[in-house]
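Asker: Okay, so here is coords-v7.txt, and as you'll see once you scroll down, it has compact mmCIF, C-alpha atoms.
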# COMPACT_ATOMS: atom_id res chain seq x y z
CA MET P 1 34.46 5.25 20.42
CA ASN P 2 32.66 6.08 17.19
CA PRO P 3 29.14 7.33 18.10
CA PHE P 4 27.94 6.57 14.56
CA ASP P 5 28.89 2.88 14.87
CA LEU P 6 25.97 0.45 14.52
CA SER P 7 27.89 -2.70 15.45
CA GLY P 8 25.64 -5.16 17.26
CA LYS P 9 22.48 -3.39 16.13
CA ARG P 10 19.86 -5.09 13.96
CA ILE P 11 17.51 -2.81 12.04
CA VAL P 12 14.25 -3.56 10.21
CA VAL P 13 13.99 -1.56 6.97
CA THR P 14 10.74 -1.41 4.96
CA GLY P 15 10.72 -0.50 1.30
CA ALA P 16 14.21 -1.96 1.07
CA SER P 17 14.16 -3.15 -2.53
CA SER P 18 14.98 0.24 -4.05
CA GLY P 19 15.64 3.94 -3.51
CA ILE P 20 16.04 5.28 0.01
CA GLY P 21 15.32 1.93 1.67
CA TYR P 22 17.92 0.07 -0.37
CA GLU P 23 20.53 2.77 0.23
CA THR P 24 19.72 2.80 3.95
CA CYS P 25 20.50 -0.91 4.15
CA LEU P 26 23.87 -0.28 2.47
CA ALA P 27 24.59 2.57 4.90
CA ILE P 28 23.69 0.38 7.90
CA LYS P 29 26.11 -2.24 6.59
CA ARG P 30 28.89 0.34 6.21
CA GLN P 31 28.48 1.38 9.84
CA GLY P 32 28.77 -2.21 11.09
CA GLY P 33 25.10 -2.95 11.67
CA THR P 34 22.88 -5.63 10.20
CA PHE P 35 19.41 -5.34 8.73
CA ILE P 36 16.21 -7.19 7.97
CA ALA P 37 15.07 -5.90 4.59
CA ILE P 38 11.34 -5.91 3.82
CA ALA P 39 9.78 -5.41 0.39
CA ARG P 40 7.63 -7.13 -2.21
CA ARG P 41 10.30 -7.75 -4.89
CA GLU P 42 12.27 -10.83 -3.96
CA ASP P 43 14.82 -10.53 -6.77
CA PHE P 44 15.84 -7.05 -5.61
CA LEU P 45 16.10 -8.23 -2.01
CA GLU P 46 18.28 -11.17 -3.05
CA LYS P 47 20.58 -8.74 -4.88
CA LEU P 48 20.80 -6.63 -1.72
CA ILE P 49 21.83 -9.61 0.41
CA GLU P 50 24.42 -10.66 -2.18
CA GLU P 51 25.89 -7.19 -1.94
CA CYS P 52 25.84 -6.95 1.86
CA GLY P 53 26.35 -10.51 3.13
CA ASN P 54 24.31 -13.31 4.68
CA GLU P 55 24.52 -11.91 8.20
CA ASN P 56 21.65 -9.78 6.92
CA SER P 57 18.26 -11.16 5.92
CA PHE P 58 15.09 -10.27 4.07
CA ILE P 59 11.36 -10.89 4.27
CA VAL P 60 9.18 -10.75 1.19
CA ALA P 61 5.97 -9.03 2.26
CA ASP P 62 3.18 -6.79 1.02
CA LEU P 63 2.63 -4.15 3.69
CA SER P 64 -0.92 -3.52 2.49
CA LYS P 65 -1.84 -6.98 3.81
CA MET P 66 -2.35 -7.49 7.53
CA GLU P 67 -1.38 -11.15 7.34
CA ASP P 68 2.01 -10.18 5.92
CA ILE P 69 2.56 -7.63 8.69
CA LYS P 70 1.76 -10.27 11.30
CA ALA P 71 4.18 -12.69 9.60
CA ILE P 72 6.96 -10.09 9.74
CA VAL P 73 6.50 -9.58 13.48
CA ASP P 74 6.36 -13.32 14.15
CA SER P 75 9.69 -13.86 12.35
CA ILE P 76 11.79 -11.17 14.07
CA GLU P 77 13.36 -10.99 17.53
CA ASN P 78 15.40 -8.48 19.51
CA ILE P 79 15.63 -5.71 16.95
CA ASP P 80 17.32 -2.38 17.72
CA GLY P 81 15.63 -0.13 15.23
CA ILE P 82 13.05 0.33 12.50
CA VAL P 83 13.20 2.45 9.34
CA HIS P 84 9.89 2.90 7.51
CA SER P 85 10.83 3.80 3.97
CA ALA P 86 8.04 2.00 2.12
CA GLY P 87 5.79 4.39 0.26
CA VAL P 88 3.70 5.03 -2.83
CA VAL P 89 2.71 8.29 -4.48
CA THR P 90 0.10 9.20 -7.06
CA LEU P 91 -0.73 12.75 -8.08
CA ALA P 92 -4.48 13.42 -7.97
CA PRO P 93 -6.40 16.69 -7.71
CA VAL P 94 -9.33 16.57 -5.31
CA LYS P 95 -11.97 15.80 -7.97
CA PHE P 96 -10.09 12.61 -8.83
CA TYR P 97 -9.96 11.20 -5.28
CA SER P 98 -11.37 7.71 -4.91
CA GLU P 99 -11.76 5.19 -2.13
CA GLU P 100 -9.35 2.84 -3.90
CA LEU P 101 -6.67 5.53 -4.23
CA MET P 102 -7.05 6.66 -0.63
CA ASN P 103 -6.86 3.11 0.70
CA GLU P 104 -3.78 2.27 -1.38
CA MET P 105 -1.86 5.38 -0.36
CA ARG P 106 -2.83 5.26 3.29
CA SER P 107 -2.31 1.51 3.74
CA ILE P 108 1.33 1.59 2.59
CA ASN P 109 2.45 5.03 3.67
CA PHE P 110 0.82 5.18 7.09
CA ASP P 111 -1.33 2.24 8.24
CA SER P 112 1.35 -0.39 7.70
CA ILE P 113 3.88 1.13 10.10
CA VAL P 114 1.18 1.80 12.70
CA TYR P 115 0.19 -1.87 12.69
CA LEU P 116 3.83 -2.98 12.59
CA ILE P 117 4.82 -0.82 15.56
CA ASN P 118 1.72 -1.87 17.47
CA LEU P 119 2.52 -5.57 17.13
CA ILE P 120 6.27 -5.22 17.65
CA PHE P 121 5.78 -3.45 20.98
CA LYS P 122 2.86 -5.63 22.03
CA LYS P 123 4.94 -8.76 21.47
CA LYS P 124 8.10 -7.16 22.93
CA LYS P 125 10.22 -7.74 19.83
CA ILE P 126 12.23 -4.50 20.16
CA ASN P 127 15.07 -3.82 22.60
CA LYS P 128 15.22 -0.90 24.98
CA GLY P 129 17.22 2.05 23.70
CA SER P 130 16.17 1.44 20.11
CA SER P 131 15.56 4.03 17.40
CA ILE P 132 12.65 4.36 14.97
CA VAL P 133 12.92 6.53 11.85
CA LEU P 134 9.92 7.29 9.65
CA VAL P 135 10.49 8.60 6.14
CA SER P 136 7.95 11.38 5.60
CA SER P 137 8.18 14.14 2.97
CA ILE P 138 8.16 17.90 2.60
CA ALA P 139 4.73 17.24 1.05
CA GLY P 140 3.51 16.62 4.60
CA LEU P 141 4.58 20.15 5.57
CA PHE P 142 3.83 22.32 2.54
CA GLY P 143 0.91 22.44 0.15
CA MET P 144 1.53 21.18 -3.36
CA LYS P 145 -1.24 21.01 -5.95
CA GLY P 146 -2.51 17.54 -6.75
CA ASN P 147 -0.71 15.99 -3.81
CA GLY P 148 -3.44 15.92 -1.16
CA ILE P 149 -3.77 12.23 -0.32
CA TYR P 150 -0.02 11.61 -0.38
CA ALA P 151 0.56 14.74 1.71
CA ALA P 152 -2.01 13.63 4.28
CA SER P 153 -0.41 10.21 4.67
CA LYS P 154 3.07 11.71 5.07
CA GLY P 155 1.90 14.44 7.43
CA ALA P 156 0.30 11.75 9.58
CA LEU P 157 3.72 10.12 10.02
CA ILE P 158 5.14 13.34 11.44
CA ALA P 159 2.22 13.72 13.82
CA ILE P 160 2.27 10.18 15.16
CA SER P 161 6.06 10.14 15.51
CA LYS P 162 5.79 12.87 18.15
CA VAL P 163 3.21 10.87 20.09
CA TRP P 164 5.35 7.73 19.92
CA ALA P 165 8.40 9.70 21.02
CA ALA P 166 6.55 10.58 24.22
CA GLU P 167 5.08 7.11 24.75
CA PHE P 168 8.32 5.19 24.17
CA ALA P 169 10.63 7.52 26.11
CA THR P 170 10.37 5.38 29.25
CA SER P 171 12.22 2.60 27.42
CA LYS P 172 14.72 5.11 25.95
CA THR P 173 13.40 4.30 22.49
CA ARG P 174 13.61 7.32 20.22
CA VAL P 175 11.27 8.17 17.33
CA ASN P 176 12.10 10.70 14.61
CA CYS P 177 11.16 11.57 11.04
CA VAL P 178 13.10 12.67 8.02
CA SER P 179 11.25 14.65 5.35
CA PRO P 180 13.02 14.58 1.98
CA GLY P 181 12.23 16.76 -0.98
CA MET P 182 12.61 15.27 -4.45
CA VAL P 183 15.14 12.44 -4.47
CA LYS P 184 16.28 10.59 -7.59
CA THR P 185 14.40 7.32 -7.12
CA GLU P 186 11.81 5.24 -8.97
CA ILE P 187 9.14 7.55 -7.55
CA THR P 188 10.87 10.52 -9.19
CA SER P 189 10.87 8.65 -12.50
CA LYS P 190 7.15 8.02 -12.10
CA SER P 191 6.59 11.72 -11.44
CA ILE P 192 8.29 12.49 -14.75
CA GLU P 193 5.76 10.19 -16.43
CA ASP P 194 2.82 11.84 -14.64
CA LEU P 195 4.03 15.38 -15.37
CA SER P 196 6.70 16.00 -18.01
CA LEU P 197 10.47 16.22 -18.19
CA GLU P 198 10.20 19.99 -18.70
CA VAL P 199 8.10 20.46 -15.56
CA ILE P 200 10.52 18.34 -13.53
CA GLN P 201 13.52 20.31 -14.82
CA GLN P 202 11.83 23.58 -13.86
CA ASP P 203 11.04 22.18 -10.43
CA GLU P 204 14.64 21.10 -9.83
CA LYS P 205 15.76 24.68 -10.42
CA LYS P 206 13.88 25.57 -7.22
CA TYR P 207 16.33 23.38 -5.26
CA PRO P 208 19.52 25.37 -4.51
CA LEU P 209 21.47 22.10 -4.25
CA GLY P 210 19.47 20.25 -6.90
CA TYR P 211 17.48 17.06 -6.39
CA GLY P 212 18.90 14.67 -3.81
CA ASP P 213 20.36 11.21 -4.12
CA PRO P 214 19.17 8.33 -1.88
CA ILE P 215 22.48 8.29 0.01
CA GLN P 216 21.84 11.89 1.09
CA VAL P 217 18.76 10.66 2.93
CA ALA P 218 20.24 7.34 4.08
CA ASN P 219 23.15 8.96 5.92
CA PRO P 220 20.93 11.17 8.13
CA ILE P 221 18.77 8.10 8.82
CA VAL P 222 21.86 6.22 10.02
CA PHE P 223 22.72 9.21 12.23
CA LEU P 224 19.27 8.93 13.83
CA LEU P 225 19.71 5.18 14.31
CA SER P 226 23.08 5.64 16.01
CA ASP P 227 24.09 6.76 19.48
CA ALA P 228 25.30 10.02 17.94
CA SER P 229 21.66 11.16 18.12
CA SER P 230 20.95 9.75 21.60
CA TRP P 231 19.38 13.04 22.80
CA ILE P 232 17.14 13.53 19.76
CA THR P 233 13.53 12.32 19.72
CA GLY P 234 10.22 13.60 18.40
CA GLN P 235 11.95 15.62 15.68
CA ASN P 236 11.47 15.97 11.94
CA ILE P 237 14.60 16.66 9.88
CA VAL P 238 13.92 18.30 6.51
CA LEU P 239 16.29 17.09 3.77
CA ASP P 240 15.52 19.12 0.67
CA GLY P 241 18.65 20.82 -0.64
CA GLY P 242 17.30 24.16 0.55
CA ARG P 243 14.00 23.91 -1.39
CA THR P 244 11.74 25.10 1.45
CA SER P 245 14.21 27.55 2.99
CA THR P 246 14.46 29.99 0.10
CA ILE P 247 12.13 32.47 -1.60
Kindly return the structure encoded in the file as structure tokens.

Answerer:
Amino acid sequence: MNPFDLSGKRIVVTGASSGIGYETCLAIKRQGGTFIAIARREDFLEKLIEECGNENSFIVADLSKMEDIKAIVDSIENIDGIVHSAGVVTLAPVKFYSEELMNEMRSINFDSIVYLINLIFKKKKINKGSSIVLVSSIAGLFGMKGNGIYAASKGALIAISKVWAAEFATSKTRVNCVSPGMVKTEITSKSIEDLSLEVIQQDEKKYPLGYGDPIQVANPIVFLLSDASSWITGQNIVLDGGRTSTI
């Protein structure tokens, strides 16, 4: 038997229209699983289904809206896993914090998955022995100037994942995080706009293996979804090409 096989498993993936979420859906497909892709951009989701087949499905939803979260939960049944990849990032030093910025960052990065998990378990929409993977960031572990609100929202994912790992253990449901460094996604492109190409190039030199690609995060996520990781829960796997392990 292949312990990485996801045949018969159905996984909900947030932030599935691009980047890590999109690549995670492709990786789930390659391992024989199916997915329910969630994002705001319908055209990107349609492209994903065309690529992966109609045994998969998508839900157009804005995770900052409670009514959309409730609609997601009402439309799913008997899922075997959840990947929370949806996220937004804006660089802002402390003097530029605002209520609007804090609400936007927190609602997508953290609040949405808390509400989603709450309703999924309350309405018994997830099977026993499932796996939940939250996409955090090395920003939630290490201080980076101008990154406070984003870092707080990502650090909160790591903290709550450990609590959920303890709470859900009775049903053999595992909860883990992955914390990527810089990955070549739309968010990286936005960072280049906020900073400069020169600053980004200097930053990449701090990564022994360079910046990552979405597939290099998606594959570890699939590992955590599969039975190959059946004795792993409450953990945070750092995926950063050696960035935080060198001096």

Asker: So which one's closest to Phe58 in chain P, P:Tyr207, P:Ala16, P:Val73, P:Tyr97? Using all atoms listed in the file, please.

Answerer: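 When distances to Phe58 in chain P are compared using all atoms listed in the file, the smallest one comes from P:Ala16.
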
Asker: Would you mind listing what lies within 9 Å of range 209-225 of chain P as an NGL selection string, with only C-alpha atoms counted and same-chain residues fewer than 2 positions away left out?

Answerer: :P and (3-4 or 6 or 11 or 19-28 or 31 or 80-83 or 130-135 or 174-185 or 204-207 or 227-230 or 232-233 or 237 or 239-243)

Asker: Please produce an output containing C-alpha atoms for each residue in the selection, written as an mmCIF file, in the coordinates of the input.

Answerer:
data_model
loop_
_atom_site.group_PDB
_atom_site.id
_atom_site.type_symbol
_atom_site.label_atom_id
_atom_site.label_comp_id
_atom_site.auth_asym_id
_atom_site.auth_seq_id
_atom_site.Cartn_x
_atom_site.Cartn_y
_atom_site.Cartn_z
ATOM 1 C CA PRO P 3 29.140 7.330 18.100
ATOM 2 C CA PHE P 4 27.940 6.570 14.560
ATOM 3 C CA LEU P 6 25.970 0.450 14.520
ATOM 4 C CA ILE P 11 17.510 -2.810 12.040
ATOM 5 C CA GLY P 19 15.640 3.940 -3.510
ATOM 6 C CA ILE P 20 16.040 5.280 0.010
ATOM 7 C CA GLY P 21 15.320 1.930 1.670
ATOM 8 C CA TYR P 22 17.920 0.070 -0.370
ATOM 9 C CA GLU P 23 20.530 2.770 0.230
ATOM 10 C CA THR P 24 19.720 2.800 3.950
ATOM 11 C CA CYS P 25 20.500 -0.910 4.150
ATOM 12 C CA LEU P 26 23.870 -0.280 2.470
ATOM 13 C CA ALA P 27 24.590 2.570 4.900
ATOM 14 C CA ILE P 28 23.690 0.380 7.900
ATOM 15 C CA GLN P 31 28.480 1.380 9.840
ATOM 16 C CA ASP P 80 17.320 -2.380 17.720
ATOM 17 C CA GLY P 81 15.630 -0.130 15.230
ATOM 18 C CA ILE P 82 13.050 0.330 12.500
ATOM 19 C CA VAL P 83 13.200 2.450 9.340
ATOM 20 C CA SER P 130 16.170 1.440 20.110
ATOM 21 C CA SER P 131 15.560 4.030 17.400
ATOM 22 C CA ILE P 132 12.650 4.360 14.970
ATOM 23 C CA VAL P 133 12.920 6.530 11.850
ATOM 24 C CA LEU P 134 9.920 7.290 9.650
ATOM 25 C CA VAL P 135 10.490 8.600 6.140
ATOM 26 C CA ARG P 174 13.610 7.320 20.220
ATOM 27 C CA VAL P 175 11.270 8.170 17.330
ATOM 28 C CA ASN P 176 12.100 10.700 14.610
ATOM 29 C CA CYS P 177 11.160 11.570 11.040
ATOM 30 C CA VAL P 178 13.100 12.670 8.020
ATOM 31 C CA SER P 179 11.250 14.650 5.350
ATOM 32 C CA PRO P 180 13.020 14.580 1.980
ATOM 33 C CA GLY P 181 12.230 16.760 -0.980
ATOM 34 C CA MET P 182 12.610 15.270 -4.450
ATOM 35 C CA VAL P 183 15.140 12.440 -4.470
ATOM 36 C CA LYS P 184 16.280 10.590 -7.590
ATOM 37 C CA THR P 185 14.400 7.320 -7.120
ATOM 38 C CA GLU P 204 14.640 21.100 -9.830
ATOM 39 C CA LYS P 205 15.760 24.680 -10.420
ATOM 40 C CA LYS P 206 13.880 25.570 -7.220
ATOM 41 C CA TYR P 207 16.330 23.380 -5.260
ATOM 42 C CA ASP P 227 24.090 6.760 19.480
ATOM 43 C CA ALA P 228 25.300 10.020 17.940
ATOM 44 C CA SER P 229 21.660 11.160 18.120
ATOM 45 C CA SER P 230 20.950 9.750 21.600
ATOM 46 C CA ILE P 232 17.140 13.530 19.760
ATOM 47 C CA THR P 233 13.530 12.320 19.720
ATOM 48 C CA ILE P 237 14.600 16.660 9.880
ATOM 49 C CA LEU P 239 16.290 17.090 3.770
ATOM 50 C CA ASP P 240 15.520 19.120 0.670
ATOM 51 C CA GLY P 241 18.650 20.820 -0.640
ATOM 52 C CA GLY P 242 17.300 24.160 0.550
ATOM 53 C CA ARG P 243 14.000 23.910 -1.390
#

Asker: I want to know what sits within 12 Å of Asp68 in chain P, based on all atoms listed in the file, with residues of the same chain fewer than 3 positions away left out; could you give that as a list in words?

Answerer: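 With the cut-off at 12 Å, the set is Ile38, Ala39, Arg40, Ile59, Val60, Ala61, Asp62, Leu63, Ser64, Lys65, Ala71, Ile72, Val73, Asp74, Ser75, Ser112, Tyr115 and Leu116 of chain P.
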
Asker: Let me make sure I understand: among P:Thr244, P:Asn2, P:Ser196, P:Ser7, which one has the smallest atom-to-atom distance to Ala139 in chain P if we use only C-alpha atoms?

Answerer: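 The shortest atom-to-atom distance to Ala139 in chain P comes from P:Thr244.
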
Asker: How many Å separate CA of Lys122 in chain P from CA of Glu104 in chain P?

Answerer: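 Here the two named atoms are 25.6 Å from each other.
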
Asker: Between CA of Gly234 in chain P and CA of Lys145 in chain P, what distance in Å does the model show, to one decimal?

Answerer: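 Calculated distance between CA of Gly234 in chain P and CA of Lys145 in chain P is 27.9 Å.
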
Asker: Taking all atoms listed in the file into account, name the residue in P:Gly155, P:Ile149, P:Ala92, P:Gly140 that is nearest to Leu195 in chain P.

Answerer: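 So, comparing all the options, the nearest one is P:Ala92.
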
Asker: Using all atoms listed in the file, determine which residues lie at most 12 Å from Lys128 in chain P, disregarding the query and same-chain residues fewer than 4 positions distant; provide the list as a PyMOL selection string.

Answerer: chain P and resi 9+78-81+121+124+132+168-174

Asker: From the set P:Gln235, P:Thr14, P:Ser57, P:Phe96, which residue has the shortest atom-to-atom contact distance to Ala159 in chain P, counting all atoms listed in the file?

Answerer: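 Result for the nearest residue to Ala159 in chain P: P:Gln235.
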
Asker: Separation of CA of Arg41 in chain P and CA of Val12 in chain P, in Å?

Answerer: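 Computing the Euclidean distance for CA of Arg41 in chain P and CA of Val12 in chain P yields 16.2 Å.
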
Asker: Around all the atoms of range 128-142 of chain P listed in the file, with 5 Å of room on each side, what axis-aligned box do you get, giving centre and edge lengths in Å to one decimal, as lines of an AutoDock Vina configuration file?

Answerer:
center_x = 10.4
center_y = 10.7
center_z = 13.0
size_x = 23.7
size_y = 33.2
size_z = 33.9

Asker: Complete range 199-210 of chain P with N, CA and C atoms (output as an mmCIF file, in the frame of the given file).

Answerer:
data_model
loop_
_atom_site.group_PDB
_atom_site.id
_atom_site.type_symbol
_atom_site.label_atom_id
_atom_site.label_comp_id
_atom_site.auth_asym_id
_atom_site.auth_seq_id
_atom_site.Cartn_x
_atom_site.Cartn_y
_atom_site.Cartn_z
ATOM 1 N N VAL P 199 8.613 20.026 -16.869
ATOM 2 C CA VAL P 199 8.100 20.460 -15.560
ATOM 3 C C VAL P 199 9.061 20.049 -14.457
ATOM 4 N N ILE P 200 9.580 18.829 -14.538
ATOM 5 C CA ILE P 200 10.520 18.340 -13.530
ATOM 6 C C ILE P 200 11.804 19.169 -13.543
ATOM 7 N N GLN P 201 12.300 19.504 -14.724
ATOM 8 C CA GLN P 201 13.520 20.310 -14.820
ATOM 9 C C GLN P 201 13.304 21.700 -14.219
ATOM 10 N N GLN P 202 12.143 22.280 -14.451
ATOM 11 C CA GLN P 202 11.830 23.580 -13.860
ATOM 12 C C GLN P 202 11.728 23.481 -12.340
ATOM 13 N N ASP P 203 11.163 22.372 -11.872
ATOM 14 C CA ASP P 203 11.040 22.180 -10.430
ATOM 15 C C ASP P 203 12.405 22.032 -9.781
ATOM 16 N N GLU P 204 13.317 21.308 -10.423
ATOM 17 C CA GLU P 204 14.640 21.100 -9.830
ATOM 18 C C GLU P 204 15.404 22.409 -9.681
ATOM 19 N N LYS P 205 15.103 23.382 -10.523
ATOM 20 C CA LYS P 205 15.760 24.680 -10.420
ATOM 21 C C LYS P 205 15.408 25.398 -9.116
ATOM 22 N N LYS P 206 14.302 24.973 -8.483
ATOM 23 C CA LYS P 206 13.880 25.570 -7.220
ATOM 24 C C LYS P 206 14.669 25.011 -6.035
ATOM 25 N N TYR P 207 15.486 24.002 -6.299
ATOM 26 C CA TYR P 207 16.330 23.380 -5.260
ATOM 27 C C TYR P 207 17.730 23.963 -5.368
ATOM 28 N N PRO P 208 18.174 24.786 -4.423
ATOM 29 C CA PRO P 208 19.520 25.370 -4.510
ATOM 30 C C PRO P 208 20.617 24.337 -4.715
ATOM 31 N N LEU P 209 20.453 23.157 -4.116
ATOM 32 C CA LEU P 209 21.470 22.100 -4.250
ATOM 33 C C LEU P 209 21.022 21.002 -5.210
ATOM 34 N N GLY P 210 19.966 21.254 -5.964
ATOM 35 C CA GLY P 210 19.470 20.250 -6.900
ATOM 36 C C GLY P 210 18.708 19.143 -6.180
#
